[in-house]
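Enquirer: Handing over data.txt, compact mmCIF, C-alpha atoms and all ligand atoms.
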# COMPACT_ATOMS: atom_id res chain seq x y z
CA MET A 1 78.22 92.83 113.85
CA LYS A 2 80.19 89.87 115.14
CA VAL A 3 81.91 87.96 112.36
CA LYS A 4 81.23 84.22 112.46
CA THR A 5 84.03 81.73 112.88
CA PRO A 6 84.98 80.60 109.37
CA TYR A 7 84.19 76.97 110.21
CA ALA A 8 80.51 77.67 110.77
CA ILE A 9 79.88 78.30 107.09
CA GLN A 10 82.56 76.21 105.41
CA ASP A 11 80.31 73.20 105.05
CA GLU A 12 77.43 75.08 103.54
CA LEU A 13 79.78 76.92 101.18
CA SER A 14 81.42 73.73 99.93
CA LYS A 15 78.08 72.04 99.43
CA MET A 16 76.68 74.91 97.43
CA LEU A 17 79.79 75.22 95.27
CA ASP A 18 79.67 71.48 94.54
CA PHE A 19 75.94 71.74 93.82
CA LEU A 20 76.52 74.54 91.29
CA ALA A 21 79.49 72.69 89.78
CA SER A 22 77.18 69.74 89.06
CA PHE A 23 75.52 71.84 86.34
CA GLY A 24 77.92 71.49 83.44
CA ALA A 25 80.28 69.06 85.20
CA THR A 26 82.84 67.56 82.78
CA GLU A 27 84.71 64.24 82.80
CA ASN A 28 87.89 66.02 83.90
CA ASN A 29 86.23 67.44 87.03
CA GLY A 30 85.84 70.76 85.31
CA VAL A 31 82.80 72.90 84.59
CA SER A 32 81.53 73.96 81.15
CA ARG A 33 78.53 76.19 81.63
CA LEU A 34 78.20 78.36 78.57
CA LEU A 35 75.62 81.10 78.19
CA TYR A 36 72.06 79.80 77.46
CA SER A 37 73.25 76.18 77.29
CA SER A 38 71.27 73.46 79.03
CA PRO A 39 73.56 73.34 82.13
CA TRP A 40 73.35 77.13 82.29
CA ILE A 41 69.52 77.04 82.25
CA ARG A 42 69.41 74.34 84.90
CA ALA A 43 71.90 76.18 87.12
CA GLN A 44 69.92 79.43 86.97
CA GLN A 45 66.64 77.61 87.69
CA ALA A 46 68.22 75.75 90.61
CA LEU A 47 69.64 78.99 92.01
CA LYS A 48 66.22 80.58 91.72
CA GLU A 49 64.78 77.80 93.87
CA VAL A 50 67.57 78.14 96.42
CA MET A 51 67.03 81.91 96.60
CA HIS A 52 63.31 81.35 97.04
CA SER A 53 63.87 78.82 99.84
CA PHE A 54 66.12 81.37 101.60
CA GLY A 55 63.27 83.88 101.59
CA PHE A 56 64.26 86.11 98.67
CA GLN A 57 61.82 87.46 96.09
CA THR A 58 63.23 86.20 92.81
CA HIS A 59 63.06 87.39 89.25
CA PHE A 60 64.87 87.14 85.92
CA ASP A 61 65.44 90.02 83.53
CA ASP A 62 65.13 89.66 79.79
CA VAL A 63 68.76 88.60 79.19
CA GLY A 64 68.67 85.94 81.93
CA ASN A 65 70.27 87.72 84.88
CA LEU A 66 68.74 86.23 88.04
CA PHE A 67 68.00 88.40 91.09
CA GLY A 68 67.10 87.51 94.68
CA ARG A 69 65.68 90.56 96.41
CA MET A 70 65.32 91.40 100.07
CA GLU A 71 63.39 94.59 100.24
CA GLY A 72 64.53 97.28 102.65
CA THR A 73 62.22 98.62 105.34
CA VAL A 74 63.45 102.21 105.13
CA GLU A 75 65.01 102.79 101.72
CA ARG A 76 63.35 100.46 99.27
CA GLU A 77 64.18 102.12 95.97
CA GLN A 78 67.99 102.09 95.88
CA VAL A 79 69.50 98.63 95.64
CA ILE A 80 72.73 97.26 97.10
CA LEU A 81 73.64 94.70 94.47
CA THR A 82 76.02 91.82 95.15
CA GLY A 83 76.99 88.77 93.13
CA SER A 84 79.01 87.54 90.18
CA HIS A 85 78.63 85.53 86.97
CA ILE A 86 77.16 82.04 86.49
CA ASP A 87 78.77 81.25 83.12
CA SER A 88 82.14 79.54 82.89
CA VAL A 89 84.82 79.06 80.27
CA ILE A 90 85.03 75.66 78.54
CA GLU A 91 86.59 73.26 81.08
CA GLY A 92 86.71 75.92 83.76
CA GLY A 93 86.79 75.48 87.52
CA LYS A 94 84.05 75.58 90.12
CA TYR A 95 85.03 78.86 91.82
CA ASP A 96 85.31 81.47 89.06
CA GLY A 97 82.06 83.45 89.21
CA ALA A 98 80.16 80.78 91.14
CA TYR A 99 81.98 81.64 94.37
CA GLY A 100 80.83 85.26 94.17
CA ILE A 101 77.20 84.21 93.75
CA VAL A 102 77.30 81.65 96.56
CA ALA A 103 79.17 84.07 98.86
CA SER A 104 76.57 86.79 98.28
CA LEU A 105 73.68 84.38 98.81
CA LEU A 106 75.07 83.00 102.07
CA ALA A 107 76.02 86.44 103.37
CA ALA A 108 72.56 87.87 102.67
CA LYS A 109 70.81 84.79 104.03
CA GLU A 110 72.81 84.95 107.25
CA LEU A 111 71.89 88.61 107.75
CA PHE A 112 68.24 87.99 106.94
CA GLN A 113 67.99 85.10 109.40
CA LYS A 114 69.77 86.91 112.22
CA ASN A 115 68.53 90.45 111.80
CA GLY A 116 65.36 90.26 109.74
CA LYS A 117 64.73 92.62 106.88
CA PRO A 118 67.44 95.14 105.98
CA LYS A 119 66.88 98.91 106.08
CA LYS A 120 68.13 99.21 102.50
CA THR A 121 67.21 96.78 99.76
CA ILE A 122 69.74 94.04 99.01
CA GLU A 123 69.70 92.07 95.77
CA VAL A 124 71.88 89.05 95.08
CA VAL A 125 72.57 88.65 91.38
CA SER A 126 73.62 85.67 89.31
CA LEU A 127 74.84 87.47 86.19
CA CYS A 128 74.10 85.58 82.99
CA GLU A 129 77.45 86.01 81.25
CA GLU A 130 80.93 87.45 81.72
CA GLU A 131 83.48 85.22 80.01
CA GLY A 132 82.73 85.64 76.31
CA SER A 133 83.23 81.87 75.94
CA ARG A 134 80.27 81.04 73.71
CA PHE A 135 79.71 84.16 71.63
CA PRO A 136 82.27 86.83 70.71
CA LEU A 137 80.91 89.23 73.33
CA SER A 138 81.71 89.48 77.02
CA PHE A 139 80.04 91.08 80.07
CA TRP A 140 76.60 90.48 78.55
CA GLY A 141 75.04 90.32 82.04
CA SER A 142 76.57 93.36 83.74
CA GLY A 143 76.69 95.22 80.42
CA SER A 144 72.95 94.82 79.90
CA ILE A 145 72.19 96.11 83.40
CA THR A 146 74.45 99.15 83.07
CA GLY A 147 73.72 100.07 79.46
CA LYS A 148 77.15 99.06 78.08
CA HIS A 149 75.44 96.41 75.95
CA HIS A 150 72.20 96.49 73.96
CA PHE A 151 70.07 93.93 72.13
CA ASP A 152 70.99 95.47 68.76
CA GLU A 153 74.62 94.33 69.18
CA ILE A 154 73.85 90.64 69.03
CA HIS A 155 72.04 90.30 65.69
CA SER A 156 74.98 89.02 63.68
CA LEU A 157 76.66 87.00 66.45
CA THR A 158 76.85 83.22 66.28
CA ASP A 159 78.62 80.59 68.38
CA ASP A 160 81.17 78.06 67.02
CA ASP A 161 78.33 75.78 65.90
CA GLY A 162 76.73 78.59 63.90
CA ILE A 163 73.84 79.05 66.34
CA PRO A 164 72.73 82.68 66.36
CA PHE A 165 72.90 84.51 69.70
CA LYS A 166 69.24 85.50 69.45
CA LYS A 167 68.13 81.96 68.78
CA ALA A 168 70.11 80.54 71.72
CA MET A 169 68.70 83.28 73.96
CA ALA A 170 65.12 82.60 72.82
CA ALA A 171 65.57 78.84 73.30
CA ALA A 172 66.53 79.56 76.93
CA GLY A 173 63.38 81.69 77.27
CA PHE A 174 64.98 85.13 77.12
CA GLY A 175 64.95 88.12 74.77
CA LEU A 176 61.23 87.60 74.16
CA ASN A 177 59.92 90.39 76.37
CA ASN A 178 58.70 87.85 78.90
CA TYR A 179 60.80 89.50 81.59
CA PRO A 180 61.67 93.09 82.52
CA ASN A 181 64.20 94.98 80.42
CA PRO A 182 67.66 94.40 81.97
CA ARG A 183 68.62 98.10 82.13
CA ARG A 184 68.60 99.35 85.73
CA LYS A 185 68.69 102.83 87.20
CA ASP A 186 68.24 101.92 90.85
CA ILE A 187 71.62 100.39 91.72
CA ALA A 188 73.26 102.21 94.65
CA CYS A 189 76.43 100.10 94.62
CA PHE A 190 77.84 96.76 93.50
CA LEU A 191 79.90 94.36 95.63
CA GLU A 192 81.72 91.35 94.21
CA VAL A 193 83.92 88.70 95.77
CA HIS A 194 85.96 86.58 93.39
CA VAL A 195 88.91 84.21 93.33
CA GLU A 196 92.12 86.07 92.50
CA GLN A 197 93.06 83.91 89.49
CA GLY A 198 96.65 84.91 90.14
CA ILE A 199 99.37 84.02 92.63
CA ILE A 200 100.01 87.28 94.46
CA LEU A 201 97.93 86.52 97.57
CA GLU A 202 99.20 82.97 97.98
CA ASN A 203 102.83 84.00 97.52
CA SER A 204 102.50 86.75 100.08
CA ARG A 205 100.51 84.50 102.45
CA GLN A 206 97.60 86.91 102.54
CA THR A 207 93.96 85.87 102.74
CA LEU A 208 92.22 88.84 101.15
CA GLY A 209 92.94 91.31 98.39
CA VAL A 210 91.10 94.63 98.30
CA VAL A 211 91.11 95.60 94.64
CA SER A 212 91.93 99.24 93.90
CA HIS A 213 91.88 99.10 90.08
CA ILE A 214 91.05 96.74 87.29
CA VAL A 215 93.64 97.09 84.55
CA GLY A 216 92.95 98.70 81.22
CA GLN A 217 93.72 96.64 78.13
CA LYS A 218 94.77 97.55 74.63
CA ARG A 219 95.01 94.94 71.90
CA PHE A 220 96.54 95.27 68.47
CA THR A 221 97.28 93.27 65.37
CA ILE A 222 100.59 94.25 63.79
CA THR A 223 101.53 93.26 60.26
CA LEU A 224 104.96 93.62 58.69
CA THR A 225 105.23 93.26 54.95
CA GLY A 226 108.67 92.67 53.45
CA GLN A 227 109.55 90.47 50.52
CA SER A 228 109.61 86.70 50.17
CA ASN A 229 112.81 85.57 48.57
CA HIS A 230 115.24 82.69 48.07
CA ALA A 231 117.00 81.67 51.29
CA GLY A 232 120.15 80.68 49.45
CA THR A 233 120.64 83.43 46.89
CA THR A 234 119.48 86.54 48.73
CA PRO A 235 122.39 88.13 50.62
CA MET A 236 121.68 89.16 54.20
CA ASN A 237 122.01 92.87 53.43
CA ALA A 238 119.56 92.66 50.53
CA ARG A 239 116.67 91.13 52.42
CA LYS A 240 113.34 92.52 53.52
CA ASP A 241 112.79 89.82 56.13
CA ALA A 242 109.47 90.46 57.86
CA LEU A 243 110.01 87.77 60.50
CA ALA A 244 113.51 88.88 61.52
CA THR A 245 112.25 92.45 61.93
CA ALA A 246 109.17 91.24 63.86
CA CYS A 247 111.53 89.46 66.27
CA ASP A 248 113.43 92.70 66.82
CA LEU A 249 110.17 94.56 67.57
CA ILE A 250 108.92 91.85 69.95
CA HIS A 251 112.26 91.75 71.74
CA HIS A 252 112.21 95.53 72.12
CA LEU A 253 108.65 95.73 73.47
CA THR A 254 109.17 92.87 75.91
CA ASN A 255 112.32 94.44 77.34
CA LYS A 256 110.63 97.80 77.63
CA ALA A 257 107.65 96.22 79.42
CA LYS A 258 109.99 94.62 81.95
CA GLN A 259 111.30 98.07 82.90
CA GLN A 260 107.82 99.38 83.65
CA SER A 261 106.34 98.52 87.03
CA ASP A 262 103.05 96.60 86.91
CA LEU A 263 102.79 96.74 83.12
CA VAL A 264 102.36 93.51 81.18
CA ALA A 265 102.73 93.14 77.42
CA THR A 266 102.13 89.88 75.59
CA VAL A 267 102.67 88.72 72.03
CA GLY A 268 100.63 85.53 72.09
CA ASN A 269 100.11 84.84 68.41
CA ILE A 270 102.32 85.11 65.37
CA GLN A 271 101.65 84.12 61.77
CA VAL A 272 104.32 84.00 59.12
CA LYS A 273 103.98 83.86 55.35
CA PRO A 274 104.89 81.78 53.48
CA ASN A 275 106.18 79.91 56.60
CA VAL A 276 108.56 77.76 54.62
CA VAL A 277 112.06 76.62 55.64
CA ASN A 278 113.98 77.93 52.64
CA VAL A 279 112.09 81.16 51.94
CA VAL A 280 112.71 84.57 53.52
CA ALA A 281 109.44 85.51 55.24
CA GLY A 282 107.56 88.10 53.23
CA GLU A 283 104.95 88.77 55.88
CA ALA A 284 104.69 88.49 59.67
CA THR A 285 101.59 89.28 61.69
CA PHE A 286 101.54 89.27 65.48
CA THR A 287 99.13 90.28 68.22
CA LEU A 288 99.93 92.56 71.14
CA ASP A 289 98.05 92.68 74.45
CA VAL A 290 99.11 95.45 76.88
CA ARG A 291 97.67 96.00 80.36
CA HIS A 292 98.17 98.50 83.16
CA HIS A 293 95.97 100.20 85.72
CA GLN A 294 96.92 103.77 84.73
CA LYS A 295 95.61 105.06 81.43
CA GLU A 296 98.58 107.37 80.85
CA THR A 297 101.18 104.65 81.41
CA LEU A 298 99.36 102.44 78.96
CA THR A 299 99.13 105.16 76.30
CA THR A 300 102.74 106.29 76.71
CA PHE A 301 104.07 102.74 76.55
CA CYS A 302 102.20 102.00 73.33
CA SER A 303 103.17 105.25 71.64
CA GLU A 304 106.88 104.84 72.53
CA VAL A 305 106.90 101.24 71.39
CA PHE A 306 105.18 102.14 68.14
CA ASP A 307 107.68 104.96 67.49
CA TYR A 308 110.39 102.33 67.63
CA PHE A 309 108.33 100.05 65.36
CA HIS A 310 107.98 102.79 62.75
CA LYS A 311 111.64 103.83 62.92
CA THR A 312 112.90 100.25 62.63
CA THR A 313 110.62 99.16 59.80
CA ASP A 314 111.37 102.38 57.88
CA GLU A 315 115.10 101.68 58.14
CA GLN A 316 114.58 98.17 56.82
CA ASN A 317 112.17 99.08 54.05
CA ILE A 318 109.40 97.06 55.57
CA LYS A 319 105.78 98.14 55.50
CA LEU A 320 104.11 98.37 58.89
CA ASN A 321 100.44 98.21 59.70
CA ILE A 322 99.10 98.54 63.26
CA THR A 323 95.41 97.89 63.90
CA GLN A 324 93.94 98.42 67.34
CA TRP A 325 90.86 96.33 68.15
CA MET A 326 90.50 96.70 71.89
CA ASP A 327 90.77 99.76 74.09
CA ASP A 328 89.35 99.10 77.54
CA GLU A 329 90.22 101.82 80.01
CA PRO A 330 91.40 101.01 83.54
CA VAL A 331 88.62 101.19 86.12
CA LYS A 332 89.08 102.46 89.65
CA MET A 333 87.09 100.88 92.46
CA ASP A 334 85.20 103.17 94.84
CA GLU A 335 87.47 104.68 97.49
CA THR A 336 84.83 105.02 100.20
CA LEU A 337 83.78 101.39 99.84
CA MET A 338 87.44 100.32 99.71
CA SER A 339 88.33 102.12 102.90
CA LYS A 340 85.25 100.79 104.72
CA MET A 341 86.15 97.29 103.65
CA THR A 342 89.79 97.74 104.63
CA LYS A 343 88.82 98.98 108.08
CA MET A 344 86.66 95.92 108.58
CA ILE A 345 89.42 93.54 107.49
CA LYS A 346 91.95 95.24 109.76
CA LYS A 347 89.56 94.98 112.70
CA GLU A 348 89.34 91.23 112.15
CA LYS A 349 93.17 91.06 111.87
CA ILE A 350 92.97 89.22 108.56
CA PRO A 351 96.19 89.36 106.48
CA PHE A 352 95.37 91.37 103.36
CA ARG A 353 96.77 93.67 100.71
CA GLN A 354 95.51 96.30 98.35
CA MET A 355 96.02 95.15 94.77
CA VAL A 356 95.35 95.65 91.10
CA SER A 357 93.33 93.08 89.14
CA GLY A 358 95.06 92.03 85.94
CA ALA A 359 91.98 90.12 84.79
CA GLY A 360 88.66 91.59 83.73
CA HIS A 361 85.62 91.28 86.00
CA ASP A 362 81.99 92.36 86.11
CA SER A 363 83.15 94.93 88.67
CA GLN A 364 84.88 96.86 85.89
CA VAL A 365 81.55 97.29 84.11
CA PHE A 366 79.75 98.33 87.30
CA GLY A 367 82.77 100.45 88.31
CA THR A 368 82.00 103.07 85.66
CA PHE A 369 78.29 102.99 86.54
CA CYS A 370 78.00 102.99 90.35
CA PRO A 371 80.30 102.78 93.42
CA THR A 372 81.83 99.31 93.23
CA ALA A 373 84.00 97.14 95.48
CA LEU A 374 85.86 93.96 94.54
CA LEU A 375 87.40 91.56 97.05
CA PHE A 376 89.74 88.68 96.17
CA VAL A 377 90.44 85.41 97.95
CA PRO A 378 93.59 83.42 97.02
CA SER A 379 93.78 81.00 94.09
CA HIS A 380 96.00 78.00 94.81
CA GLN A 381 99.09 78.27 92.59
CA GLY A 382 97.31 81.08 90.77
CA ILE A 383 95.48 78.54 88.60
CA SER A 384 92.13 79.52 87.10
CA HIS A 385 90.00 78.75 84.02
CA SER A 386 90.96 75.15 84.69
CA PRO A 387 89.47 72.16 86.55
CA LYS A 388 92.49 72.56 88.88
CA GLU A 389 91.15 75.87 90.19
CA TYR A 390 91.18 75.66 94.00
CA THR A 391 90.77 77.91 97.02
CA LYS A 392 91.07 76.68 100.61
CA PRO A 393 87.66 76.40 102.33
CA GLU A 394 88.80 78.63 105.20
CA ASP A 395 89.81 81.39 102.74
CA LEU A 396 86.46 81.11 100.97
CA ALA A 397 84.73 81.40 104.34
CA THR A 398 86.76 84.47 105.30
CA GLY A 399 85.62 86.17 102.09
CA VAL A 400 81.99 85.40 102.90
CA ASN A 401 82.36 86.65 106.47
CA ILE A 402 83.81 89.98 105.37
CA LEU A 403 81.10 90.35 102.76
CA THR A 404 78.50 89.61 105.46
CA SER A 405 79.86 92.32 107.76
CA PHE A 406 80.15 94.73 104.86
CA LEU A 407 76.57 94.15 103.75
CA TYR A 408 75.44 94.56 107.34
CA GLU A 409 77.14 97.93 107.59
CA LEU A 410 75.73 99.11 104.27
CA ALA A 411 72.18 97.77 104.54
CA TYR A 412 71.34 97.44 108.21
CA THR A 413 72.91 100.44 109.93
ZN ZN B 1 85.10 85.40 86.82
What is this file in structure tokens?
Ligand SMILES: [Zn+2]
Expert:
Amino acid sequence: MKVKTPYAIQDELSKMLDFLASFGATENNGVSRLLYSSPWIRAQQALKEVMHSFGFQTHFDDVGNLFGRMEGTVEREQVILTGSHIDSVIEGGKYDGAYGIVASLLAAKELFQKNGKPKKTIEVVSLCEEEGSRFPLSFWGSGSITGKHHFDEIHSLTDDDGIPFKKAMAAAGFGLNNYPNPRRKDIACFLEVHVEQGIILENSRQTLGVVSHIVGQKRFTITLTGQSNHAGTTPMNARKDALATACDLIHHLTNKAKQQSDLVATVGNIQVKPNVVNVVAGEATFTLDVRHHQKETLTTFCSEVFDYFHKTTDEQNIKLNITQWMDDEPVKMDETLMSKMTKMIKKEKIPFRQMVSGAGHDSQVFGTFCPTALLFVPSHQGISHSPKEYTKPEDLATGVNILTSFLYELAYT
């Protein structure tokens, strides 16, 4: 199929992104569209109407995922699913998630108008939630489809205003058995386009990133217990200074991370007790977030770092406690889909690279469930989760055009 000139769809793309951004628009030109909130409900309803006007059969599932279906003429049962998430962070931008939905809609519409019904069924999805910005749970949309998440997980969850998850869901009209159960067994593959949310593509002047892996993440809380004591009368060699030792550990892990290609390790939070100017710190607690796309690298890094932690705290008579509270494995994208997509991009002579995603995406949930492909377009200055999020219209259009060709190859040939 001939790929359209980017300019032909730029206008329509921009208009639809602005239209979606109007639901939850903030004073700072940002978007706050939290799960089951009023802007969220209005955005999903508006998208449903747009899908309908484009000729899709539309339906919600019982968690609020919205689908626009174009039934295949030959293989109706297995579905090629494409889309992204409709929720945003608080004061987010207008591209994160929304771009993937709009791109999928425009790509499928274009194919439908030019070529009629596909041979294989295509569904465009506006996933209800990915960010975890309202309730302490993320990937509620993709997780409900794939079986990662279940209704029984949400009973005790509330948002910052104390509103229970179930109540918010019911107020939006979901979780009441009015719609089909979200769990699906008919998904043949999942395709997502997304803004990079990083600076790799822009720095290398490339337009597209074919994602090979989404990083795995491990998170820990580490507590060191020493002894609070007088800052003036306790000699340096008689101290059990939890903060000084914590600094040593953080310094060690950061240096070690720098020596490891592609690995990132972050200590983003530290709490000290008693946190007083003239008292030796008796306790220091810090968080650790480690990410890499190879499971083994991640495991080895953590175990070597923790060996050092144990050795050092033992030597200094400080008690160490390490609690792990996240262990998300790296997810590999589908090689066949990746190579098909790469071939297509090369044919169009679009500057691209293969890359790892350091951020989480719905594609990581689908990636363990069905063949999945994830395509990035550049983020200006790598900024995301901010009203300043921006991608050039021509880059957005290139993403849509590749998705259009890709969907054509998968569903029409
Ligand atoms: Zn996103």
Enquirer: Hey, which bits of stretch 330-376 of chain A sit within 12 Å of stretch 252-273 of chain A, and for each residue what's the closest pair of atoms and how far apart in Å (one decimal), counting only C-alpha atoms, rows by chain and increasing number, as a tab-separated table?
Expert:
residue	atom	partner	partner_atom	distance
A:Met355	CA	A:Asp262	CA	10.6
A:Val356	CA	A:Asp262	CA	8.8
A:Ser357	CA	A:Asp262	CA	10.6
A:Gly358	CA	A:Val264	CA	8.8
A:Ala359	CA	A:Val264	CA	11.5
Enquirer: Using all atoms listed in the file, find each residue with an atom at most 10 Å away from ligand ZN 1 (chain B) and format the answer as a compact mmCIF listing (two decimals) with C-alpha atoms, in the frame of the given file.
Expert:
# COMPACT_ATOMS: atom_id res chain seq x y z
CA SER A 84 79.01 87.54 90.18
CA HIS A 85 78.63 85.53 86.97
CA ILE A 86 77.16 82.04 86.49
CA ASP A 87 78.77 81.25 83.12
CA SER A 88 82.14 79.54 82.89
CA VAL A 89 84.82 79.06 80.27
CA TYR A 95 85.03 78.86 91.82
CA ASP A 96 85.31 81.47 89.06
CA GLY A 97 82.06 83.45 89.21
CA ALA A 98 80.16 80.78 91.14
CA TYR A 99 81.98 81.64 94.37
CA GLY A 100 80.83 85.26 94.17
CA GLU A 129 77.45 86.01 81.25
CA GLU A 130 80.93 87.45 81.72
CA GLU A 131 83.48 85.22 80.01
CA VAL A 193 83.92 88.70 95.77
CA HIS A 194 85.96 86.58 93.39
CA VAL A 195 88.91 84.21 93.33
CA GLU A 196 92.12 86.07 92.50
CA GLN A 197 93.06 83.91 89.49
CA ALA A 359 91.98 90.12 84.79
CA GLY A 360 88.66 91.59 83.73
CA HIS A 361 85.62 91.28 86.00
CA ASP A 362 81.99 92.36 86.11
CA SER A 363 83.15 94.93 88.67
CA SER A 384 92.13 79.52 87.10
CA HIS A 385 90.00 78.75 84.02
Enquirer: Please list as a PDB file with C-alpha atoms, in the coordinates of the input every residue within 12 Å of A:Asn237, counting only C-alpha atoms and excluding residues in the same chain fewer than 4 positions away.
Expert:
ATOM      1  CA  THR A 233     120.640  83.430  46.890  1.00  0.00           C
ATOM      2  CA  ASP A 241     112.790  89.820  56.130  1.00  0.00           C
ATOM      3  CA  GLN A 316     114.580  98.170  56.820  1.00  0.00           C
ATOM      4  CA  ASN A 317     112.170  99.080  54.050  1.00  0.00           C
TER       5      ASN A 317
END
Enquirer: If we count all atoms listed in the file, what is near stretch 15-26 of chain A at a cut-off of 10 Å, once residues fewer than 2 positions away on the same chain are taken out, given as a short mmCIF file (atom, residue, chain, number, x, y, z; two decimals) with C-alpha atoms, in the frame of the given file?
Expert:
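The result, written out as selection_19.cif:
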data_model
loop_
_atom_site.label_atom_id
_atom_site.label_comp_id
_atom_site.auth_asym_id
_atom_site.auth_seq_id
_atom_site.Cartn_x
_atom_site.Cartn_y
_atom_site.Cartn_z
CA GLN A 10 82.56 76.21 105.41
CA ASP A 11 80.31 73.20 105.05
CA GLU A 12 77.43 75.08 103.54
CA LEU A 13 79.78 76.92 101.18
CA ASN A 28 87.89 66.02 83.90
CA ASN A 29 86.23 67.44 87.03
CA GLY A 30 85.84 70.76 85.31
CA VAL A 31 82.80 72.90 84.59
CA SER A 32 81.53 73.96 81.15
CA ARG A 33 78.53 76.19 81.63
CA LEU A 34 78.20 78.36 78.57
CA SER A 37 73.25 76.18 77.29
CA SER A 38 71.27 73.46 79.03
CA PRO A 39 73.56 73.34 82.13
CA TRP A 40 73.35 77.13 82.29
CA ILE A 41 69.52 77.04 82.25
CA ARG A 42 69.41 74.34 84.90
CA ALA A 43 71.90 76.18 87.12
CA GLN A 44 69.92 79.43 86.97
CA ALA A 46 68.22 75.75 90.61
CA LEU A 47 69.64 78.99 92.01
CA VAL A 50 67.57 78.14 96.42
CA ILE A 86 77.16 82.04 86.49
CA ASP A 87 78.77 81.25 83.12
CA SER A 88 82.14 79.54 82.89
CA ILE A 90 85.03 75.66 78.54
CA GLU A 91 86.59 73.26 81.08
CA GLY A 92 86.71 75.92 83.76
CA GLY A 93 86.79 75.48 87.52
CA LYS A 94 84.05 75.58 90.12
CA TYR A 95 85.03 78.86 91.82
CA ALA A 98 80.16 80.78 91.14
CA TYR A 99 81.98 81.64 94.37
CA ILE A 101 77.20 84.21 93.75
CA VAL A 102 77.30 81.65 96.56
CA ALA A 103 79.17 84.07 98.86
CA LEU A 106 75.07 83.00 102.07
CA PRO A 387 89.47 72.16 86.55
#
Enquirer: For A:Met236, which residue among A:Glu202, A:Val280, A:Thr82, A:Asp161 is the nearest when counting all atoms listed in the file?
Expert: A:Val280
Enquirer: With only C-alpha atoms as the atoms that count, which of A:Ile163, A:Leu81, A:Ile9, A:Val63 lies nearest to A:Asp186?
Expert: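 Once distances to A:Asp186 are computed over only C-alpha atoms, the minimum belongs to A:Leu81.
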Enquirer: Return the single residue from A:Phe286, A:Tyr308, A:Phe366, A:Phe352 that is closest to A:Ile222, with distances computed using only C-alpha atoms.
Expert: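 Residue with the minimum atom-to-atom distance to A:Ile222: A:Phe286.
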Enquirer: So, counting only C-alpha atoms, which residue among A:Met51, A:Leu208, A:Val124, A:Ile383 is closest to A:Leu396?
Expert: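 Among the listed residues, the smallest separation from A:Leu396 belongs to A:Leu208.
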Enquirer: For stretch 85-95 of chain A, I'd like the enclosing box, axis-aligned and padded by 3 Å on every side, reported as AutoDock Vina command-line options with centre and edge lengths in Å to one decimal.
Expert:
--center_x 82.0 --center_y 79.4 --center_z 85.2 --size_x 15.6 --size_y 18.3 --size_z 19.3
Enquirer: To one decimal in Å, tell me the separation between atom CA of A:Glu123 and atom CA of A:Leu407.
Expert: 10.7 Å
Enquirer: Between atom CA of A:Gly72 and atom CA of A:Ser144, what distance in Å does the model show, to one decimal?
Expert: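 Separating atom CA of A:Gly72 from atom CA of A:Ser144 is a distance of 24.4 Å.
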Enquirer: Would you write out, as CSV, a table of all residues in stretch 44-159 of chain A that have an atom no more than 12 Å from an atom of stretch 180-185 of chain A, listing for each the closest atom pair and the distance in Å to one decimal, considering only C-alpha atoms and ordering rows by chain and rising residue number?
Expert:
residue,atom,partner,partner_atom,distance
A:His59,CA,A:Pro180,CA,8.9
A:Phe60,CA,A:Pro180,CA,7.6
A:Asp61,CA,A:Pro180,CA,5.0
A:Asp62,CA,A:Asn181,CA,5.4
A:Val63,CA,A:Pro182,CA,6.5
A:Gly64,CA,A:Pro182,CA,8.5
A:Asn65,CA,A:Pro182,CA,7.7
A:Leu66,CA,A:Pro182,CA,10.2
A:Phe67,CA,A:Pro182,CA,10.9
A:Glu77,CA,A:Lys185,CA,9.9
A:Gln78,CA,A:Lys185,CA,8.7
A:Val79,CA,A:Lys185,CA,9.5
A:Leu81,CA,A:Arg184,CA,11.1
A:Leu127,CA,A:Pro182,CA,10.8
A:Cys128,CA,A:Pro182,CA,11.0
A:Trp140,CA,A:Pro182,CA,10.3
A:Gly141,CA,A:Pro182,CA,8.4
A:Ser142,CA,A:Pro182,CA,9.1
A:Gly143,CA,A:Arg183,CA,8.7
A:Ser144,CA,A:Pro182,CA,5.7
A:Ile145,CA,A:Arg183,CA,4.3
A:Thr146,CA,A:Arg183,CA,6.0
A:Gly147,CA,A:Arg183,CA,6.1
A:Lys148,CA,A:Arg183,CA,9.5
A:His149,CA,A:Arg183,CA,9.4
A:His150,CA,A:Arg183,CA,9.1
A:Phe151,CA,A:Pro182,CA,10.1
